[in-house]
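Here is work26.txt, consisting of compact mmCIF, C-alpha atoms:
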# COMPACT_ATOMS: atom_id res chain seq x y z
CA MET A 1 44.83 157.51 187.55
CA THR A 2 47.04 159.50 185.22
CA GLU A 3 46.78 159.26 181.46
CA PRO A 4 48.83 156.44 179.96
CA ALA A 5 52.02 157.66 178.33
CA VAL A 6 52.16 154.58 176.11
CA ARG A 7 49.21 152.42 175.14
CA ILE A 8 49.56 149.27 173.03
CA ALA A 9 46.54 147.26 171.89
CA LEU A 10 47.08 143.69 170.69
CA VAL A 11 44.47 141.82 168.67
CA PRO A 12 44.77 138.52 166.81
CA HIS A 13 44.91 138.42 163.03
CA CYS A 14 41.41 137.48 161.84
CA SER A 15 41.21 137.94 158.10
CA LEU A 16 38.21 135.62 157.74
CA THR A 17 34.84 137.19 158.51
CA PRO A 18 32.01 135.11 160.00
CA ALA A 19 30.14 135.29 156.68
CA GLY A 20 33.30 134.19 154.86
CA ALA A 21 33.76 131.31 157.28
CA TRP A 22 30.19 130.12 156.69
CA THR A 23 30.61 130.40 152.92
CA PHE A 24 33.86 128.45 153.03
CA PHE A 25 32.41 125.79 155.32
CA LEU A 26 29.24 125.27 153.28
CA ALA A 27 31.15 125.15 149.98
CA THR A 28 33.61 122.63 151.40
CA CYS A 29 30.78 120.53 152.83
CA GLY A 30 29.02 120.59 149.46
CA VAL A 31 32.09 119.36 147.60
CA SER A 32 33.05 116.79 150.25
CA PHE A 33 29.57 115.32 150.64
CA GLY A 34 29.01 115.42 146.87
CA VAL A 35 32.11 113.30 146.25
CA ALA A 36 31.23 111.05 149.20
CA ALA A 37 27.68 110.54 147.87
CA LEU A 38 28.98 109.51 144.44
CA LEU A 39 31.39 107.04 146.01
CA THR A 40 28.69 105.74 148.36
CA LEU A 41 26.51 104.93 145.33
CA ARG A 42 29.36 102.80 144.02
CA GLY A 43 29.51 100.83 147.26
CA PHE A 44 32.23 102.75 149.14
CA TRP A 45 29.99 103.73 152.09
CA PRO A 46 32.86 104.32 154.58
CA VAL A 47 33.81 107.41 152.56
CA LEU A 48 30.61 109.11 153.74
CA VAL A 49 31.51 108.48 157.39
CA PHE A 50 35.00 109.90 156.94
CA ALA A 51 33.65 112.90 155.04
CA ALA A 52 31.29 113.62 157.93
CA LEU A 53 34.13 113.34 160.45
CA GLU A 54 36.33 115.64 158.35
CA MET A 55 33.59 118.27 158.09
CA LEU A 56 32.94 118.03 161.83
CA LEU A 57 36.63 118.67 162.48
CA LEU A 58 36.71 121.53 159.96
CA GLY A 59 33.63 123.09 161.60
CA TRP A 60 35.27 122.89 165.03
CA ALA A 61 38.49 124.45 163.68
CA LEU A 62 36.60 127.33 162.06
CA TYR A 63 34.60 127.90 165.25
CA ALA A 64 37.82 128.00 167.34
CA SER A 65 39.38 130.39 164.83
CA MET A 66 36.36 132.70 164.92
CA GLN A 67 36.41 132.78 168.74
CA ARG A 68 39.93 134.27 168.68
CA ARG A 69 38.58 137.49 167.20
CA HIS A 70 36.97 138.35 170.57
CA ARG A 71 40.32 138.69 172.38
CA VAL A 72 42.00 142.06 172.99
CA GLU A 73 45.04 142.75 175.16
CA THR A 74 45.78 146.35 176.13
CA ILE A 75 49.07 147.38 177.72
CA GLU A 76 49.11 150.82 179.35
CA ILE A 77 52.42 152.12 180.63
CA THR A 78 52.46 155.19 182.86
CA GLU A 79 55.31 156.73 184.80
CA ASN A 80 54.63 154.44 187.77
CA SER A 81 52.77 151.38 186.51
CA VAL A 82 52.28 148.82 183.77
CA ALA A 83 48.64 147.77 183.43
CA ILE A 84 47.55 144.85 181.27
CA ASP A 85 43.87 144.36 180.46
CA THR A 86 42.95 141.09 178.78
CA CYS A 87 39.42 141.13 177.38
CA VAL A 88 37.85 137.89 176.13
CA HIS A 89 34.17 138.02 175.15
CA GLY A 90 33.65 141.09 177.33
CA ALA A 91 35.24 139.62 180.48
CA VAL A 92 38.23 141.75 181.49
CA VAL A 93 41.17 140.56 183.57
CA HIS A 94 43.22 143.46 184.90
CA THR A 95 46.84 142.96 185.97
CA GLU A 96 49.04 145.78 187.20
CA PHE A 97 52.75 145.96 188.00
CA PRO A 98 54.95 148.76 189.33
CA ARG A 99 56.83 150.01 186.26
CA HIS A 100 60.32 150.22 187.72
CA TRP A 101 60.14 146.78 189.34
CA ALA A 102 58.67 144.97 186.37
CA GLN A 103 60.73 143.11 183.81
CA VAL A 104 60.02 142.05 180.23
CA ARG A 105 61.10 138.48 179.56
CA LEU A 106 61.01 136.47 176.38
CA ARG A 107 61.21 132.87 177.55
CA GLY A 108 61.88 130.08 175.11
CA ASP A 109 60.62 126.67 176.10
CA VAL A 110 62.70 123.53 176.07
CA SER A 111 61.23 122.40 172.75
CA PRO A 112 62.13 124.26 169.56
CA LEU A 113 58.63 123.43 168.32
CA LEU A 114 56.96 125.62 170.97
CA PRO A 115 57.01 129.41 170.58
CA ALA A 116 58.66 131.66 173.12
CA ARG A 117 56.44 133.24 175.77
CA LEU A 118 56.47 137.01 176.32
CA LEU A 119 56.03 137.75 180.01
CA ILE A 120 55.92 140.79 182.22
CA GLU A 121 57.06 139.81 185.71
CA SER A 122 57.38 141.51 189.06
CA GLY A 123 57.33 140.36 192.68
CA GLY A 124 56.77 136.72 191.86
CA ARG A 125 53.77 137.47 189.64
CA ARG A 126 53.75 137.20 185.88
CA CYS A 127 51.42 137.93 182.99
CA GLU A 128 51.82 136.47 179.52
CA ILE A 129 51.03 138.82 176.67
CA GLY A 130 50.74 138.33 172.94
CA SER A 131 50.29 134.54 172.98
CA PHE A 132 48.48 134.82 169.63
CA LEU A 133 51.29 136.79 167.95
CA THR A 134 53.84 135.26 165.62
CA GLU A 135 57.35 134.67 166.93
CA GLN A 136 58.70 137.73 165.07
CA GLU A 137 55.88 139.96 166.32
CA ARG A 138 56.50 138.77 169.89
CA GLN A 139 60.21 139.58 169.56
CA ARG A 140 59.44 143.06 168.16
CA LEU A 141 56.99 143.71 171.00
CA ALA A 142 59.58 142.60 173.58
CA ALA A 143 62.13 144.95 172.00
CA ARG A 144 59.59 147.79 172.10
CA LEU A 145 58.63 147.17 175.73
CA ALA A 146 62.14 146.57 177.11
CA PRO A 147 63.23 150.24 177.23
CA LEU A 148 59.86 151.31 178.65
CA ILE A 149 59.74 148.84 181.55
CA GLY A 150 62.44 148.02 184.06
CA ALA A 151 64.78 149.20 186.76
CA MET A 152 64.76 152.86 187.73
CA ALA A 153 68.07 153.53 185.96
CA ALA A 154 67.11 151.41 182.95
CA SER A 155 63.72 153.00 182.28
CA PRO A 156 63.98 156.74 181.66
CA PRO A 157 60.96 159.05 181.82
CA LEU A 158 58.38 157.93 179.29
CA ASP A 159 58.19 161.24 177.45
CA THR A 160 61.81 160.89 176.33
CA VAL A 161 61.45 157.24 175.30
CA HIS A 162 58.08 157.72 173.62
CA ASN A 163 59.19 160.76 171.59
CA ARG A 164 62.23 158.90 170.17
CA GLY A 165 60.17 156.37 168.28

Could you express the structure from this file as structure tokens?
Amino acid sequence: MTEPAVRIALVPHCSLTPAGAWTFFLATCGVSFGVAALLTLRGFWPVLVFAALEMLLLGWALYASMQRRHRVETIEITENSVAIDTCVHGAVVHTEFPRHWAQVRLRGDVSPLLPARLLIESGGRRCEIGSFLTEQERQRLAARLAPLIGAMAASPPLDTVHNRG
């Protein structure tokens, strides 16, 4: 396999470290259960149940957020192919398309509440990339990929496209 002319690595934004998540969770639990304990002593025992449910939900949300940090998507574009490697917790899914037959599509769903999906398609197959990106980042990535991927006449040699910017 030839060296990739363009390589783009996508990783989710994870500003919270595992230690920071634990600190935040324990501090929030301390405050929540402290207030709930005071109210329970005054006879408002249901507050303790709701505090426990809230902390359970917060713990699940932090766990789900921390799991995102183990996802990496790598897009390698060579003269003849577009290869996408999606790595989640060490398991890699490799998808490859012929460069000149592939198309970059930014598909908006029917609901304005749902973000657009960035897809690379070819021959009836498709691969979604950047699902964790913001809408603006997805649009910028689509604009960056569009001149690199596409019909033979639409996608010039990579060295000319890559050197322009």

Please compute the CA of Ile75 (chain A)-CA of Ala9 (chain A) distance, one decimal, in Å.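 Distance between the two atoms: 6.4 Å.
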
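Residues in contact range of Leu145 (chain A), defined as at most 10 Å between all atoms listed in the file, with sequence neighbours fewer than 6 positions away removed, read Val6, Ile8, Ile75, Ile77, Gln103, Val104, Arg105, Ile120 and Gln139 of chain A.
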
As a PDB file with C-alpha atoms, keeping the file's coordinate frame, please: the residues near Leu62 (chain A) (cut-off 12 Å, all atoms listed in the file, same-chain neighbours under 4 positions excluded).
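Okay, part_20.pdb is ready:
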ATOM      1  CA  CYS A  14      41.410 137.480 161.840  1.00  0.00           C
ATOM      2  CA  LEU A  16      38.210 135.620 157.740  1.00  0.00           C
ATOM      3  CA  THR A  17      34.840 137.190 158.510  1.00  0.00           C
ATOM      4  CA  PRO A  18      32.010 135.110 160.000  1.00  0.00           C
ATOM      5  CA  ALA A  19      30.140 135.290 156.680  1.00  0.00           C
ATOM      6  CA  GLY A  20      33.300 134.190 154.860  1.00  0.00           C
ATOM      7  CA  ALA A  21      33.760 131.310 157.280  1.00  0.00           C
ATOM      8  CA  TRP A  22      30.190 130.120 156.690  1.00  0.00           C
ATOM      9  CA  THR A  23      30.610 130.400 152.920  1.00  0.00           C
ATOM     10  CA  PHE A  24      33.860 128.450 153.030  1.00  0.00           C
ATOM     11  CA  PHE A  25      32.410 125.790 155.320  1.00  0.00           C
ATOM     12  CA  LEU A  26      29.240 125.270 153.280  1.00  0.00           C
ATOM     13  CA  MET A  55      33.590 118.270 158.090  1.00  0.00           C
ATOM     14  CA  LEU A  56      32.940 118.030 161.830  1.00  0.00           C
ATOM     15  CA  LEU A  57      36.630 118.670 162.480  1.00  0.00           C
ATOM     16  CA  LEU A  58      36.710 121.530 159.960  1.00  0.00           C
ATOM     17  CA  MET A  66      36.360 132.700 164.920  1.00  0.00           C
ATOM     18  CA  GLN A  67      36.410 132.780 168.740  1.00  0.00           C
ATOM     19  CA  ARG A  68      39.930 134.270 168.680  1.00  0.00           C
ATOM     20  CA  ARG A  69      38.580 137.490 167.200  1.00  0.00           C
TER      21      ARG A  69
END

Between CA of Val11 (chain A) and CA of Asp85 (chain A), distance in Å (one decimal): 12.1 Å

Between A:Arg42, A:His13, A:His94, A:Arg126, which residue has the minimum interatomic distance to Leu106 (chain A), considering only C-alpha atoms?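 For Leu106 (chain A), the nearest of the given residues is A:Arg126.
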
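Here CA of Ile84 (chain A) stands at a distance of 9.9 Å from CA of Arg7 (chain A).
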
May I ask which of the residues A:Arg71, A:Arg117, A:Arg107, A:His89 is the closest one to Ser131 (chain A), counting all atoms listed in the file? A:Arg117

Test item: residues at most 12 Å from Gln136 (chain A), only C-alpha atoms, excluding those fewer than 4 positions along its chain, as a PyMOL selection string: chain A and resi 106+115-118+130-132+140-143

Selected residue, from A:Glu79, A:Glu73, A:Glu54, A:Glu96, that lies nearest to Arg125 (chain A) when counting only C-alpha atoms: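 Among the listed residues, the smallest separation from Arg125 (chain A) belongs to A:Glu96.
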
Calculate, to one decimal in Å, the centre and edge lengths of the box along x, y and z of the file that holds all listed atoms of region 73-81 of chain A with 6 Å of margin on each side, and present them as AutoDock Vina command-line options.
--center_x 50.2 --center_y 149.7 --center_z 181.5 --size_x 22.3 --size_y 26.0 --size_z 24.6

For Ala51 (chain A): contacts at 9 Å, all atoms listed in the file, fewer than 3 positions along chain excluded, given as number ranges by chain: A: 29, 32-33, 35-36, 46-48, 54-56

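Candidate residues A:Thr74, A:Thr40, A:Thr28, A:Ser81 were compared for distance to Val93 (chain A), and the nearest is A:Thr74, using only C-alpha atoms.
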
Considering only C-alpha atoms, can you say which of A:Phe44, A:Glu137, A:Gly108, A:Trp101 comes closest to Ser122 (chain A)?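 Once distances to Ser122 (chain A) are computed over only C-alpha atoms, the minimum belongs to A:Trp101.
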
Among listed residues A:Ser15, A:Thr86, A:Asn80, A:Ser65, nearest His100 (chain A) (using all atoms listed in the file): A:Asn80

Starting from the block above, write region 106-129 of chain A out to a file with C-alpha atoms, as a PDB file, in the first residue's frame, please.
ATOM      1  CA  LEU A 106     -23.606  15.937   4.241  1.00  0.00           C
ATOM      2  CA  ARG A 107     -27.133  14.688   4.825  1.00  0.00           C
ATOM      3  CA  GLY A 108     -29.540  16.632   6.979  1.00  0.00           C
ATOM      4  CA  ASP A 109     -32.301  14.632   8.593  1.00  0.00           C
ATOM      5  CA  VAL A 110     -35.954  15.543   8.452  1.00  0.00           C
ATOM      6  CA  SER A 111     -35.879  17.051  11.934  1.00  0.00           C
ATOM      7  CA  PRO A 112     -34.029  20.320  12.535  1.00  0.00           C
ATOM      8  CA  LEU A 113     -33.226  19.000  16.013  1.00  0.00           C
ATOM      9  CA  LEU A 114     -31.015  16.206  14.654  1.00  0.00           C
ATOM     10  CA  PRO A 115     -27.533  17.028  13.344  1.00  0.00           C
ATOM     11  CA  ALA A 116     -26.540  16.374   9.759  1.00  0.00           C
ATOM     12  CA  ARG A 117     -24.659  13.162   9.013  1.00  0.00           C
ATOM     13  CA  LEU A 118     -21.340  13.242   7.150  1.00  0.00           C
ATOM     14  CA  LEU A 119     -21.087  10.208   4.893  1.00  0.00           C
ATOM     15  CA  ILE A 120     -18.634   8.820   2.396  1.00  0.00           C
ATOM     16  CA  GLU A 121     -20.522   6.699  -0.125  1.00  0.00           C
ATOM     17  CA  SER A 122     -19.641   4.526  -3.074  1.00  0.00           C
ATOM     18  CA  GLY A 123     -21.238   1.551  -4.804  1.00  0.00           C
ATOM     19  CA  GLY A 124     -24.198   1.360  -2.457  1.00  0.00           C
ATOM     20  CA  ARG A 125     -21.996   1.321   0.644  1.00  0.00           C
ATOM     21  CA  ARG A 126     -21.626   4.182   3.072  1.00  0.00           C
ATOM     22  CA  CYS A 127     -19.606   5.065   6.135  1.00  0.00           C
ATOM     23  CA  GLU A 128     -20.531   7.809   8.578  1.00  0.00           C
ATOM     24  CA  ILE A 129     -17.636   9.838   9.918  1.00  0.00           C
TER      25      ILE A 129
END
